[in-house]
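To start, the structure under review is shown below, and the notes come after it.
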Amino acid sequence: MTTEPPDGPRRRNIKTCQAEDTTAPARSRAYEQEEDLRQWQKYVQKLKVKVLEQVQDQLGEILDKALTKSIETEPPSYIKSILNGKTSQKQPSRAQRMDDGKVFVERASLLDELFEISHIRTIYHMFIAVLLIFCLSTLAVDYIDQGRLVLEFDLLFYAFGKLGTVTWAWIVMFVYTLFVPYYILDFWGSLYHKFPSKLGLSLVMGLVLSVAQTCILGLFPIYTVVHHQLPPASRFIVIMEQIRFQMKTYSFIRETVPVIIKNTPKEGENLRFPTFSSYLYFLFCPTLIYRESYPRNSQIRWKYVAVSVGKILGCLFYVHFILVRLCIPVFRLETSQPFSKRTMVLAVFSSILPGIMLLLLCFFAFLHCWLNLFGELLRFADRMFYKDWWNSTSFANYYRTWNVVVHDWLYYYGYRDFLWLSNRRFKTAAMLAVFIVSAVVHEYALAMGFGFFYPIMFLLFGVFGVTFNFTMNDKRESPVFNVIMWACLFLGQGVQVCLYCQEWYAQIHCPRTGQDGFWELVLPRSWSCSYQT
């Protein structure tokens with residue numbers, strides 16, 4: 001038996017205390033970890049409940065909209081058979097639902113959603129930086145040439161000149177569109193089911209309305225533009241409003257007439273006609289498809305309105321700098337002979353950059369900022385004015401998604417009505433007819449806006465566009481075809497900017513003499529004009 005040293009118990013006590021001292025922080029840390037784990041589990045559980053509630057709400061909205069659409073689109077006989085449990089009746093095919101129209105739902109514009117992503121917002125910031133560089137370069141050139149800092153906007157003041165004439169011309173077109181088609185249709189509807197000769201009444205009212213439309217919304221804007229020699233931007237305002245009023249009037253008539261014909265009022269009842277307020281709202285809301293009501297937002301975001309106005313003004317200045325810095329110096333050069341092939345090729349490729357920038361600016365300023373501005377002011381909730389056209393791998397998809405507002409009008413009142421009249425037998429002819437009409441209207445707007453006829457847009461849209469629509473169709477899904485689409489857009493914009501700028505200066509330096517009559521109006525002056533400044 002060994003004898004323990006006198007300090008043995010004290011050492012054991014010290015070791016025990018040291019062990020307790022080292023285990024106490026460990027137990028404390030373990031307790032803290034367990035407490036953190038419990039708190040995290042509670043937080044995750046709350047987050048799970050919130051996510052499930054949001055998903056449930058969104059699924060409920062989607063199902064409500066789907067059920068509402070199905071009730072609106074399916075014929076009553078099919079719905080009744082489902083309610084009675086008789087499901088033997090086949091669901092109507094798409095060909096049997098030709099009377100279905102566009103369904104408006106509450107949704108934001110795609111760019112507004114994409115700008116929430118910081119990576120996409122950075123691309124937007126890059127465009128702002130380029131605008132600042134344009135301003136600095138203009139200031140630097142002015143300081144070097146003139147010895148002072150100045151930003152001149154003579155081009156903008158010239159382009160938007162004679163706004164007084166534009167204002168009263170717009171007022172005439174608006175007042176006519178507001179009252180004449182509405183009350184002529186109201187008068188026709190009130191007599192249609194009482195008049196002995198419905199066809200005769202319809203022909204007379206249709207003739208009266210056609211004459212009025214031709215005079216006020218057809219000849220009057222052309223006379224205003226030509227007689228008063230409006231500058232380019234003012235011309236485009238008048239012509240684009242002329243086209244807009246025509247399309248809105250047609251949509252109102254097209255949507256209202258079938259309802260009046262199908263619904264015969266009962267004895268002692270008045271005809272149910274669209275309210276004047278709904279028609280007035282339609283004239284300003286950013287859509288070309290008439291409905292008596294649209295989904296509405298609860299309030300107006302005035303900050304969003306102010307930012308949209310600022311963006312539109314910024315795009316105007318952007319276009320000004322592109323024209324002043326990239327276009328005018330190239331095409332205002334002095335020359336003693338028409339452009340050679342080499343000069344033409346170089347001019348086209350030098351016009352690609354300003355051309356594609358003008359395309360993107362027009363898209364952003366009009367289809368995003370301008371339409372969202374009016375949508376916000378009118379609390380119009382369906383903001384799908386465009387789709388992701390930049391991801392298109394086919395020109396067919398590009399044409400459908402670039403401008404949804406106009407595409408819907410062409411689809412429902414052009415393509416679909418053509419198929420209805422032909423009993424769905426000529427789909428290719430219907431598509432070609434829509435392309436031709438669209439190309440003619442585009443060319444008309446450019447010819448009236450620039451003041452000369454040079455059918456570049458018609459050829460690119462009506463010839464090459466149709467060809468690409470059938471060759472690069474929706475079956476092309478490879479990213480390679482997206483590259484091809486962008487390359488075609490680049491080249492097409494370069495050709496347009498180059499040829500239209502050449503013709504603009506040729507019209508200035510070689511004005512019409514009036515000796516050749518018709519051919520002088522239709523043949524481009526740049527083909528034969530030789531000038532030297």
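In the structure tokens, each chain is lettered A, B, ... as it comes, each chain's residues begin at 1, and ligands are numbered from 1 in order of appearance.
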Review point. Counting only C-alpha atoms, what is within 7 Å of Gly462 of chain A, bar same-chain residues fewer than 4 positions away, as a PyMOL selection string?
Key: chain A and resi 435-436+439+458+466
Emit the selected residues as a PDB file, in the first residue's frame, including N, CA and C atoms.
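Output saved as out-v9.pdb:
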```
ATOM      1  N   PHE A 435     -49.241  40.643 -93.012  1.00  0.00           N
ATOM      2  CA  PHE A 435     -47.910  41.196 -93.228  1.00  0.00           C
ATOM      3  C   PHE A 435     -47.959  42.359 -94.216  1.00  0.00           C
ATOM      4  N   ILE A 436     -48.703  42.207 -95.290  1.00  0.00           N
ATOM      5  CA  ILE A 436     -48.776  43.259 -96.309  1.00  0.00           C
ATOM      6  C   ILE A 436     -49.427  44.518 -95.742  1.00  0.00           C
ATOM      7  N   ALA A 439     -46.960  46.134 -93.394  1.00  0.00           N
ATOM      8  CA  ALA A 439     -45.855  46.765 -94.132  1.00  0.00           C
ATOM      9  C   ALA A 439     -46.308  48.054 -94.807  1.00  0.00           C
ATOM     10  N   PHE A 458     -40.907  48.904 -96.433  1.00  0.00           N
ATOM     11  CA  PHE A 458     -41.824  47.945 -97.064  1.00  0.00           C
ATOM     12  C   PHE A 458     -41.070  46.718 -97.573  1.00  0.00           C
ATOM     13  N   VAL A 466     -41.376  38.576 -94.450  1.00  0.00           N
ATOM     14  CA  VAL A 466     -42.225  37.414 -94.762  1.00  0.00           C
ATOM     15  C   VAL A 466     -41.370  36.175 -94.990  1.00  0.00           C
TER      16      VAL A 466
END
```
Check your understanding: If you run DSSP on the backbone, which residues of segment 195-346 of chain A are helix (DSSP H, G or I), as a count of residues only?
Key -> 106
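Proximity to His407 of chain A was assessed for A:Lys102, A:His320, A:His119, A:His227 counting only C-alpha atoms; the smallest distance is recorded for A:Lys102.
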Which segment 313-413 of chain A residues have any atom within 9 Å of an atom of segment 137-159 of chain A, and for each, what is the nearest pair of atoms with distance in Å to one decimal, counting only C-alpha atoms, rows sorted by chain and number, as a tab-separated table?
```
residue	atom	partner	partner_atom	distance
A:Leu316	CA	A:Leu156	CA	8.3
A:Phe317	CA	A:Leu156	CA	8.2
A:His320	CA	A:Leu156	CA	6.7
A:Phe321	CA	A:Thr138	CA	8.1
A:Leu323	CA	A:Leu155	CA	8.9
A:Val324	CA	A:Leu155	CA	8.2
A:Arg325	CA	A:Thr138	CA	7.8
```
Using the selection just defined, write its residues with N, CA and C atoms as an mmCIF file, in the first residue's frame.
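Below is the file selection_21.cif, written as the result:
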```
data_model
loop_
_atom_site.group_PDB
_atom_site.id
_atom_site.type_symbol
_atom_site.label_atom_id
_atom_site.label_comp_id
_atom_site.auth_asym_id
_atom_site.auth_seq_id
_atom_site.Cartn_x
_atom_site.Cartn_y
_atom_site.Cartn_z
ATOM 1 N N LEU A 316 -35.274 61.110 -75.620
ATOM 2 C CA LEU A 316 -35.267 62.138 -76.668
ATOM 3 C C LEU A 316 -33.881 62.756 -76.815
ATOM 4 N N PHE A 317 -33.248 63.089 -75.695
ATOM 5 C CA PHE A 317 -31.905 63.645 -75.748
ATOM 6 C C PHE A 317 -30.911 62.613 -76.274
ATOM 7 N N HIS A 320 -31.197 62.574 -79.938
ATOM 8 C CA HIS A 320 -30.574 63.795 -80.455
ATOM 9 C C HIS A 320 -29.064 63.645 -80.562
ATOM 10 N N PHE A 321 -28.425 63.136 -79.503
ATOM 11 C CA PHE A 321 -26.976 62.991 -79.523
ATOM 12 C C PHE A 321 -26.530 61.949 -80.542
ATOM 13 N N LEU A 323 -28.007 61.213 -83.412
ATOM 14 C CA LEU A 323 -28.096 61.825 -84.737
ATOM 15 C C LEU A 323 -26.988 62.852 -84.948
ATOM 16 N N VAL A 324 -26.733 63.655 -83.916
ATOM 17 C CA VAL A 324 -25.751 64.734 -84.060
ATOM 18 C C VAL A 324 -24.320 64.194 -84.124
ATOM 19 N N ARG A 325 -24.020 63.166 -83.310
ATOM 20 C CA ARG A 325 -22.649 62.692 -83.222
ATOM 21 C C ARG A 325 -22.321 61.551 -84.186
#
```
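Non-sequential neighbours of Asp382 of chain A (distance at most 7 Å, separation of 5 or more positions within a chain, only C-alpha atoms) are Phe104, Val105, Glu106, Arg107, Ala108 and Pro295 of chain A.
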Practice item. Go through A:Leu114, A:Pro231, A:Arg272, A:Val211 and flag the residue nearest Asp186 of chain A, using only C-alpha atoms for the distances. Key: A:Arg272
Exercise for review: Show which residues sit within 6 Å of segment 355-364 of chain A, as a ChimeraX atom specification. Count only C-alpha atoms, and ignore same-chain residues fewer than 3 positions away.
Suggested key: /A:351-352,367-368,490,493-494,497
